[in-house]
Amino acid sequence: MTEEKSLNFLEEIVENDLKAGRYTSITTRFPPEPNGYLHLGHAKSICLNFGLALKYGGKTNLRFDDTNPVTEETEYVDNIKNDVAWLGFSWANELYASDYFPQLYEFALKLIRKGLAYVDDSTSEEIAASKGTPTSPGKDSPYRNRSVEENLTLFEQMKAGKFKDGERVLRAKVDMAHTNMHMRDPILYRIKHAHHHRTGDTWCIYPMYDFAHGQSDSIEQVTHSICTLEFVPHRELYNWFIEKLEIFPSRQYEFARLNMTHTLMSKRKLLQLVNEGHVSGWDDPRMPTLSGVRRRGYTPESIRDFCDRVGVAKRDNLIDISLLEFCVREHLNKVSLRRMVVFDPLKIVLINYPEGKSEMLRSENTPGEEGVTYREMPFSRELYIEKDDFMENPPKKYFRLAPGQMVRLKSAYIIKCEEVVKGSDGTILEVRCSYIPESKSGSDTSGIQVKGTLHWVSANHAVPAEVRIYDRLFTVEDLGTLEGDFRDHLNPQSLVIKRVYAEPELGKAAPDERFQFLRMGYYCLDPDSKPDKLIFNQTVTLRDMWAKEAKKG
RNA sequence: UGCCCGAUGGUGUAAUUGGCAACACGCUUGAUUUUGAUUCAAGAAAGUCCAGGUUCGAGCCCUGGUCGGGCAACCA
């Protein structure tokens with residue numbers, strides 16, 4: 001049982017650092033920008049950052065990378081905090097890059113004094129043009145050799161609001177011919193006369209990512225700064241600032257971001273889906289956002305398990321969404337309450353069951369568990385079963401209801417199909433069956449063995465409900481390598497709404513309860529639900545071997 | 001044309017650091033089952049991108065290729 005799981009490359013780095021005595025404890029951070037909602041890709045990062053600190057006895061800060069006032073909002077901050085907490089992690093400190101604006105300003109001054117930064121009056125276009133290309137060197141800015149004093153004065157004036165947006169920037173003086181584009185005199189500060197969600201109008205100059213992130217890590221004494229692969233080229237700059245500023249040497253390590261089949265993991269594109277109304281919002285249950293999967297009924301446990309199984313490495317990956325589904329099923333199978341709901345009703349009339357009679361039958365809430373509990377459901381002469389559970393001319397391996405055949409009604413009786421009643425157009429109106437009184441569940445003395453067991457609901461006792469059934473958001477597997485517009489591949493069937501018949505017990509459903517609708521799938525109450533209008537979301541279907549068998553023909 | 005990453009069953013990760021390529025999902029088959037679910041058992045599936053080299057021995061080391069990804073926002 002004590003089988004050792006091998007370490008991933010990040011754990012290996014941490015263990016080596018600890019072993020070498022480089023640190024006595026580690027600090028990580030999760031650094032979201034508050035300009036959108038968190039998605040499954042962030043969940044991977046959260047699990048990695050918090051998981052590392054948990055495993056090696058360190059701490060993790062939640063730090064908002066809020067250096068761009070025009071895209072960032074408090075609403076996002078609140079939702080991000082909620083999502084991280086929901087996932088099950090608690091941060092050591094709630095911090096903001098904007099808390100460090102005064103310190104970052106001092107850092108900039110230090111670079112200027114060292115002759116390592118200068119104010120550039122060039123336009124954005126001029127700077128882009130002189131940057132060169134990956135294969136050809138850039139050209140020095142004409143303002144590159146200003147004196148320290150002039151730079152100090154100009155930068156002071158930038159801060160004081162003497163200039164308009166875009167008029168000047170502060171740049172690091174590195175090397176315009178560097179093979180790494182990020183080292184070609186990167187911009188440190190830009191002018192934005194914009195209201196910041198936390199600092200208000202205190203500042204009109206804001207640091208760029210490169211001049212804020214690493215320094216924030218350093219200020220917080222983050223030992224292992226973990227980020228995704230696209231930041232690999234930034235690492236050289238990250239280290240350059242640490243060296244020139246002579247500050248705590250945080251180290252950056254990169255891993256491959258999570259990609260999943262049939263969905264997107266890009267904040268920008270997800271925002272587009274929201275803004276264009278392709279989904280109902282960030283928390284639409286079809287969205288890969290944490291708020292979306294939460295509303296869909298996914299549990300934090302299942303998502304953490306998923307992140308664990310997905311692993312971490314540096315090669316590009318495309319995770320099959322069926323792994324995520326496996327993880328929820330595995331958890332929900334243990335914790336969900338069993339209920340019966342008929343989606344597509346076919347009326348069954350029990351010809352030998354007294355009219356007007358009804359009885360309460362008990363059925364287990366959670367089978368397989370030791371402290372098994374039960375709920376009761378009404379049984380009567382007229383029932384609904386699933387249309388799919390009856391066939392007039394069944395194929396060979398069909399063991400549901402058919403003329404002359406017997407099936408068990410779950411937690412109730414065995415019934416036998418006696419007669420099919422059709423309308424003038426040939427459609428089946430109802431199926432008349434006999435029931436076997438001695439076959440009552442729990443006290444069956446009939447000795448009859450049947451192959452099939454069906455879920456059912458008493459026609460006169462069932463409560464109507466709405467069920468929202470979800471399918472993959474996109475019809476194509478790999479959205480990443482797709483040329484053209486990703487919206488062309490939206491799945492028109494990603495949401496199907498059905499009117500269904502639920503057993504009465506579901507009228508008491510609570511928002512935090514998870515249900516398994518027997519033989520149908522896992523469901524939970526949607527926030528839109530009201531006592532007089534029940535609405536359930538399908539989290540995921542059950543595994544369905546019969547569907548596979550039937551497809552074979 | 002430059003620089004930087006990466007390459008192991010269908011997918012994702014391993015391989016005690018040079019010693020018979022393993023685990024999970026998926027797939028197939030069987031058993032159990034009052035959910036065609038769950039559970040259990042068995043099985044198919046890669047010889048590690050290619051070519052050389054070092055070595056008794058290479059998925060791991062070296063050389064050269066090939067392929068995939070990233071890098072030129074006053075975004076993060």
# chains A, B, ... in the order shown; residues from 1 in each chain; ligands from 1
$ residues_around --residues "Ser136 (chain A)" --least-positions-apart "2" --cutoff "8 Å" --atoms "only C-alpha atoms (C1' of nucleotides)" --output "short mmCIF file (atom, residue, chain, number, x, y, z; two decimals) with all heavy atoms, in the first residue's frame"
data_model
loop_
_atom_site.label_atom_id
_atom_site.label_comp_id
_atom_site.auth_asym_id
_atom_site.auth_seq_id
_atom_site.Cartn_x
_atom_site.Cartn_y
_atom_site.Cartn_z
N GLY A 132 13.80 45.23 -34.14
CA GLY A 132 14.38 44.19 -34.99
C GLY A 132 13.43 43.00 -35.08
O GLY A 132 12.26 43.12 -34.74
N THR A 133 13.93 41.89 -35.56
CA THR A 133 13.12 40.67 -35.64
C THR A 133 13.92 39.56 -34.98
O THR A 133 15.09 39.74 -34.67
CB THR A 133 12.84 40.28 -37.11
OG1 THR A 133 14.06 39.82 -37.69
CG2 THR A 133 12.30 41.45 -37.90
N PRO A 134 13.29 38.41 -34.79
CA PRO A 134 14.04 37.31 -34.17
C PRO A 134 15.34 36.99 -34.89
O PRO A 134 16.29 36.52 -34.29
CB PRO A 134 13.06 36.15 -34.23
CG PRO A 134 11.72 36.79 -34.17
CD PRO A 134 11.86 38.06 -34.95
N GLY A 138 18.09 44.58 -33.34
CA GLY A 138 17.39 45.85 -33.28
C GLY A 138 18.37 47.01 -33.33
O GLY A 138 19.58 46.80 -33.43
N ALA A 177 20.78 44.03 -29.59
CA ALA A 177 21.13 42.99 -30.56
C ALA A 177 21.03 41.60 -29.93
O ALA A 177 21.43 40.61 -30.53
CB ALA A 177 22.54 43.23 -31.08
P G B 2 19.35 29.74 -38.64
OP1 G B 2 20.56 28.95 -38.37
OP2 G B 2 18.02 29.06 -38.72
"O5'" G B 2 19.27 30.91 -37.57
"C5'" G B 2 20.39 31.76 -37.35
"C4'" G B 2 20.14 32.63 -36.15
"O4'" G B 2 18.97 33.44 -36.41
"C3'" G B 2 19.79 31.88 -34.86
"O3'" G B 2 20.96 31.49 -34.18
"C2'" G B 2 19.00 32.92 -34.09
"O2'" G B 2 19.85 33.88 -33.49
"C1'" G B 2 18.21 33.61 -35.22
N9 G B 2 16.89 33.01 -35.44
C8 G B 2 16.49 32.25 -36.52
N7 G B 2 15.24 31.87 -36.45
C5 G B 2 14.79 32.40 -35.24
C6 G B 2 13.51 32.30 -34.64
O6 G B 2 12.50 31.72 -35.05
N1 G B 2 13.48 32.97 -33.42
C2 G B 2 14.53 33.65 -32.87
N2 G B 2 14.30 34.23 -31.69
N3 G B 2 15.73 33.75 -33.43
C4 G B 2 15.79 33.10 -34.61
#
$ interface_residues --of "chain A" --to "chain B" --cutoff "6 Å" --atoms "only C-alpha atoms (C1' of nucleotides)" --output "list of chain:residue names"
A:Thr133, A:Pro134, A:Thr135, A:Thr179, A:Asn180, A:Arg190, A:Val310, A:Gly311, A:Arg315, A:Leu323, A:Lys410, A:Leu518, A:Arg519, A:Met545, A:Trp546
$ write_last_selection --atoms "all heavy atoms" --output "short mmCIF file (atom, residue, chain, number, x, y, z; two decimals), in the first residue's frame"
data_model
loop_
_atom_site.label_atom_id
_atom_site.label_comp_id
_atom_site.auth_asym_id
_atom_site.auth_seq_id
_atom_site.Cartn_x
_atom_site.Cartn_y
_atom_site.Cartn_z
N THR A 133 13.93 41.89 -35.56
CA THR A 133 13.12 40.67 -35.64
C THR A 133 13.92 39.56 -34.98
O THR A 133 15.09 39.74 -34.67
CB THR A 133 12.84 40.28 -37.11
OG1 THR A 133 14.06 39.82 -37.69
CG2 THR A 133 12.30 41.45 -37.90
N PRO A 134 13.29 38.41 -34.79
CA PRO A 134 14.04 37.31 -34.17
C PRO A 134 15.34 36.99 -34.89
O PRO A 134 16.29 36.52 -34.29
CB PRO A 134 13.06 36.15 -34.23
CG PRO A 134 11.72 36.79 -34.17
CD PRO A 134 11.86 38.06 -34.95
N THR A 135 15.37 37.26 -36.18
CA THR A 135 16.57 36.90 -36.94
C THR A 135 17.47 38.09 -37.25
O THR A 135 18.55 37.91 -37.80
CB THR A 135 16.19 36.22 -38.26
OG1 THR A 135 15.26 37.06 -38.96
CG2 THR A 135 15.56 34.87 -38.01
N THR A 179 19.98 37.99 -28.76
CA THR A 179 19.22 36.97 -29.50
C THR A 179 17.87 36.70 -28.86
O THR A 179 16.95 36.20 -29.50
CB THR A 179 20.01 35.64 -29.54
OG1 THR A 179 20.35 35.28 -28.20
CG2 THR A 179 21.25 35.76 -30.39
N ASN A 180 17.74 37.03 -27.59
CA ASN A 180 16.46 36.91 -26.91
C ASN A 180 15.73 38.25 -27.02
O ASN A 180 16.16 39.25 -26.47
CB ASN A 180 16.71 36.54 -25.44
CG ASN A 180 15.43 36.37 -24.66
OD1 ASN A 180 14.34 36.74 -25.13
ND2 ASN A 180 15.54 35.81 -23.46
N ARG A 190 5.03 52.26 -18.28
CA ARG A 190 4.31 53.02 -19.30
C ARG A 190 3.35 53.96 -18.59
O ARG A 190 3.00 53.75 -17.43
CB ARG A 190 3.61 52.08 -20.28
CG ARG A 190 2.36 51.35 -19.82
CD ARG A 190 2.57 50.24 -18.84
NE ARG A 190 1.56 49.18 -19.12
CZ ARG A 190 1.32 48.16 -18.36
NH1 ARG A 190 1.99 47.99 -17.23
NH2 ARG A 190 0.41 47.28 -18.67
N VAL A 310 -3.34 14.16 -14.22
CA VAL A 310 -2.86 14.77 -15.44
C VAL A 310 -1.33 14.89 -15.42
O VAL A 310 -0.68 14.86 -16.45
CB VAL A 310 -3.54 16.15 -15.57
CG1 VAL A 310 -2.64 17.18 -16.17
CG2 VAL A 310 -4.84 16.01 -16.33
N GLY A 311 -0.78 15.01 -14.22
CA GLY A 311 0.67 15.08 -14.11
C GLY A 311 1.21 16.43 -14.54
O GLY A 311 0.45 17.33 -14.90
N ARG A 315 6.33 19.00 -21.85
CA ARG A 315 5.94 18.79 -23.24
C ARG A 315 4.48 19.15 -23.43
O ARG A 315 3.66 19.02 -22.53
CB ARG A 315 6.20 17.35 -23.67
CG ARG A 315 5.26 16.35 -23.06
CD ARG A 315 5.61 14.94 -23.51
NE ARG A 315 6.61 14.37 -22.62
CZ ARG A 315 6.42 13.23 -21.95
NH1 ARG A 315 5.31 12.55 -22.07
NH2 ARG A 315 7.35 12.77 -21.15
N LEU A 323 -11.00 11.84 -19.18
CA LEU A 323 -10.31 11.65 -17.91
C LEU A 323 -10.97 12.49 -16.81
O LEU A 323 -11.15 12.04 -15.68
CB LEU A 323 -8.83 12.03 -18.03
CG LEU A 323 -8.00 11.87 -16.75
CD1 LEU A 323 -7.96 10.41 -16.31
CD2 LEU A 323 -6.60 12.41 -16.92
N LYS A 410 -37.00 -1.29 -10.20
CA LYS A 410 -36.04 -1.12 -9.11
C LYS A 410 -36.73 -0.83 -7.78
O LYS A 410 -37.58 0.06 -7.69
CB LYS A 410 -35.09 0.04 -9.46
CG LYS A 410 -34.19 0.50 -8.35
CD LYS A 410 -33.04 -0.45 -8.10
CE LYS A 410 -32.18 0.06 -6.94
NZ LYS A 410 -31.21 -0.95 -6.51
N LEU A 518 -30.87 7.36 -11.36
CA LEU A 518 -30.55 5.98 -11.69
C LEU A 518 -30.55 5.70 -13.20
O LEU A 518 -31.51 6.03 -13.89
CB LEU A 518 -31.54 5.03 -10.99
CG LEU A 518 -30.90 4.15 -9.92
CD1 LEU A 518 -30.26 4.98 -8.84
CD2 LEU A 518 -31.91 3.18 -9.35
N ARG A 519 -29.49 5.13 -13.64
CA ARG A 519 -29.30 4.73 -15.04
C ARG A 519 -29.20 5.90 -16.01
O ARG A 519 -29.09 5.72 -17.22
CB ARG A 519 -30.41 3.77 -15.49
CG ARG A 519 -30.56 2.55 -14.57
CD ARG A 519 -31.14 1.37 -15.29
NE ARG A 519 -32.42 1.71 -15.84
CZ ARG A 519 -32.85 1.34 -17.04
NH1 ARG A 519 -32.09 0.58 -17.80
NH2 ARG A 519 -34.02 1.70 -17.48
N MET A 545 -22.49 0.94 -21.30
CA MET A 545 -22.07 -0.14 -22.19
C MET A 545 -23.15 -0.48 -23.20
O MET A 545 -22.86 -0.90 -24.31
CB MET A 545 -21.71 -1.39 -21.37
CG MET A 545 -20.56 -1.20 -20.41
SD MET A 545 -19.07 -0.55 -21.19
CE MET A 545 -18.34 -2.07 -21.79
N TRP A 546 -24.39 -0.34 -22.78
CA TRP A 546 -25.50 -0.68 -23.68
C TRP A 546 -25.53 0.24 -24.89
O TRP A 546 -25.77 -0.18 -26.01
CB TRP A 546 -26.85 -0.64 -22.93
CG TRP A 546 -28.00 -0.78 -23.87
CD1 TRP A 546 -28.97 0.14 -24.13
CD2 TRP A 546 -28.31 -1.92 -24.70
NE1 TRP A 546 -29.85 -0.33 -25.07
CE2 TRP A 546 -29.46 -1.59 -25.43
CE3 TRP A 546 -27.71 -3.16 -24.90
CZ2 TRP A 546 -30.05 -2.47 -26.34
CZ3 TRP A 546 -28.31 -4.04 -25.81
CH2 TRP A 546 -29.45 -3.70 -26.51
#
$ select_by_dssp --residues "region 378-470 of chain A" --states "helix (DSSP H, G or I)" --output "ChimeraX atom specification"
/A:387-389,437-439
$ residues_around --residues "Cys327 (chain A)" --least-positions-apart "2" --cutoff "9 Å" --atoms "only C-alpha atoms (C1' of nucleotides)" --output "list in words"
Glu301, Ser302, Ile303, Asp305, Phe306, Ser322, Leu323, Leu324, Glu325, Arg329, Glu330, His331 and Leu332 of chain A
$ residues_around --residues "Gly88 (chain A)" --least-positions-apart "5" --cutoff "10 Å" --atoms "only C-alpha atoms (C1' of nucleotides)" --output "JSON, numbers by chain"
{"A": [47, 50, 82, 83, 300, 301, 304]}
$ atom_distance --atom1 "CA of Phe379 (chain A)" --atom2 "CA of Val457 (chain A)"
7.5 Å
$ decode --residues "region 434-449 of chain A" --atoms "all heavy atoms" --output "compact mmCIF listing (two decimals), in the first residue's frame"
# COMPACT_ATOMS: atom_id res chain seq x y z
N SER A 434 -48.80 -7.00 -16.00
CA SER A 434 -49.24 -7.56 -14.72
C SER A 434 -48.06 -7.47 -13.79
O SER A 434 -46.92 -7.45 -14.23
CB SER A 434 -49.67 -9.02 -14.91
OG SER A 434 -48.60 -9.77 -15.46
N TYR A 435 -48.32 -7.37 -12.50
CA TYR A 435 -47.21 -7.34 -11.57
C TYR A 435 -47.27 -8.58 -10.72
O TYR A 435 -48.32 -9.20 -10.56
CB TYR A 435 -47.21 -6.07 -10.74
CG TYR A 435 -48.01 -6.12 -9.46
CD1 TYR A 435 -47.38 -6.16 -8.22
CD2 TYR A 435 -49.41 -6.12 -9.50
CE1 TYR A 435 -48.11 -6.19 -7.04
CE2 TYR A 435 -50.15 -6.15 -8.33
CZ TYR A 435 -49.51 -6.19 -7.10
OH TYR A 435 -50.22 -6.24 -5.94
N ILE A 436 -46.15 -8.98 -10.18
CA ILE A 436 -46.10 -10.20 -9.39
C ILE A 436 -45.98 -9.83 -7.92
O ILE A 436 -44.91 -9.41 -7.46
CB ILE A 436 -44.92 -11.09 -9.87
CG1 ILE A 436 -45.26 -11.51 -11.30
CG2 ILE A 436 -44.76 -12.31 -8.97
CD1 ILE A 436 -44.16 -11.81 -12.19
N PRO A 437 -47.07 -9.94 -7.18
CA PRO A 437 -47.10 -9.45 -5.79
C PRO A 437 -46.01 -10.06 -4.92
O PRO A 437 -45.46 -9.38 -4.04
CB PRO A 437 -48.48 -9.88 -5.30
CG PRO A 437 -49.31 -9.97 -6.53
CD PRO A 437 -48.38 -10.46 -7.60
N GLU A 438 -45.66 -11.34 -5.15
CA GLU A 438 -44.66 -11.98 -4.28
C GLU A 438 -43.23 -11.53 -4.60
O GLU A 438 -42.28 -11.95 -3.94
CB GLU A 438 -44.67 -13.52 -4.43
CG GLU A 438 -46.02 -14.18 -4.42
CD GLU A 438 -46.70 -14.08 -5.79
OE1 GLU A 438 -46.22 -14.71 -6.75
OE2 GLU A 438 -47.71 -13.34 -5.91
N SER A 439 -43.08 -10.70 -5.63
CA SER A 439 -41.72 -10.32 -6.03
C SER A 439 -41.27 -9.02 -5.40
O SER A 439 -40.25 -8.46 -5.78
CB SER A 439 -41.65 -10.20 -7.55
OG SER A 439 -42.41 -9.09 -7.98
N LYS A 440 -42.03 -8.56 -4.43
CA LYS A 440 -41.70 -7.27 -3.82
C LYS A 440 -40.25 -7.22 -3.32
O LYS A 440 -39.77 -8.15 -2.67
CB LYS A 440 -42.65 -6.98 -2.65
CG LYS A 440 -42.44 -5.62 -2.03
CD LYS A 440 -43.52 -5.30 -1.01
CE LYS A 440 -43.22 -3.95 -0.34
NZ LYS A 440 -44.31 -3.59 0.61
N SER A 441 -39.63 -6.14 -3.65
CA SER A 441 -38.24 -5.95 -3.30
C SER A 441 -38.01 -6.12 -1.80
O SER A 441 -38.75 -5.59 -0.99
CB SER A 441 -37.84 -4.53 -3.70
OG SER A 441 -36.48 -4.47 -3.99
N GLY A 442 -37.03 -6.91 -1.45
CA GLY A 442 -36.72 -7.12 -0.04
C GLY A 442 -37.42 -8.33 0.55
O GLY A 442 -36.98 -8.91 1.53
N SER A 443 -38.53 -8.74 -0.07
CA SER A 443 -39.24 -9.92 0.42
C SER A 443 -39.72 -10.75 -0.77
O SER A 443 -40.86 -11.16 -0.83
CB SER A 443 -40.41 -9.52 1.32
OG SER A 443 -41.25 -8.62 0.64
N ASP A 444 -38.83 -10.92 -1.70
CA ASP A 444 -39.17 -11.63 -2.94
C ASP A 444 -39.19 -13.14 -2.73
O ASP A 444 -38.18 -13.75 -2.42
CB ASP A 444 -38.13 -11.27 -4.01
CG ASP A 444 -38.48 -11.85 -5.36
OD1 ASP A 444 -39.46 -12.63 -5.45
OD2 ASP A 444 -37.78 -11.53 -6.33
N THR A 445 -40.39 -13.74 -2.90
CA THR A 445 -40.51 -15.19 -2.78
C THR A 445 -40.90 -15.80 -4.12
O THR A 445 -41.23 -16.98 -4.21
CB THR A 445 -41.56 -15.57 -1.73
OG1 THR A 445 -42.80 -14.93 -2.07
CG2 THR A 445 -41.12 -15.12 -0.34
N SER A 446 -40.86 -14.99 -5.16
CA SER A 446 -41.34 -15.47 -6.46
C SER A 446 -40.37 -16.44 -7.11
O SER A 446 -40.77 -17.30 -7.91
CB SER A 446 -41.55 -14.28 -7.39
OG SER A 446 -40.29 -13.73 -7.77
N GLY A 447 -39.10 -16.31 -6.78
CA GLY A 447 -38.11 -17.17 -7.41
C GLY A 447 -37.84 -16.84 -8.86
O GLY A 447 -37.13 -17.56 -9.54
N ILE A 448 -38.37 -15.76 -9.33
CA ILE A 448 -38.18 -15.39 -10.74
C ILE A 448 -36.90 -14.57 -10.91
O ILE A 448 -36.62 -13.67 -10.12
CB ILE A 448 -39.37 -14.56 -11.25
CG1 ILE A 448 -40.67 -15.37 -11.12
CG2 ILE A 448 -39.15 -14.13 -12.70
CD1 ILE A 448 -41.92 -14.55 -11.35
N GLN A 449 -36.12 -14.95 -11.90
CA GLN A 449 -34.90 -14.19 -12.20
C GLN A 449 -35.13 -13.39 -13.47
O GLN A 449 -35.58 -13.94 -14.47
CB GLN A 449 -33.73 -15.16 -12.42
CG GLN A 449 -33.34 -15.98 -11.19
CD GLN A 449 -32.84 -15.10 -10.05
OE1 GLN A 449 -32.15 -14.12 -10.27
NE2 GLN A 449 -33.22 -15.44 -8.81
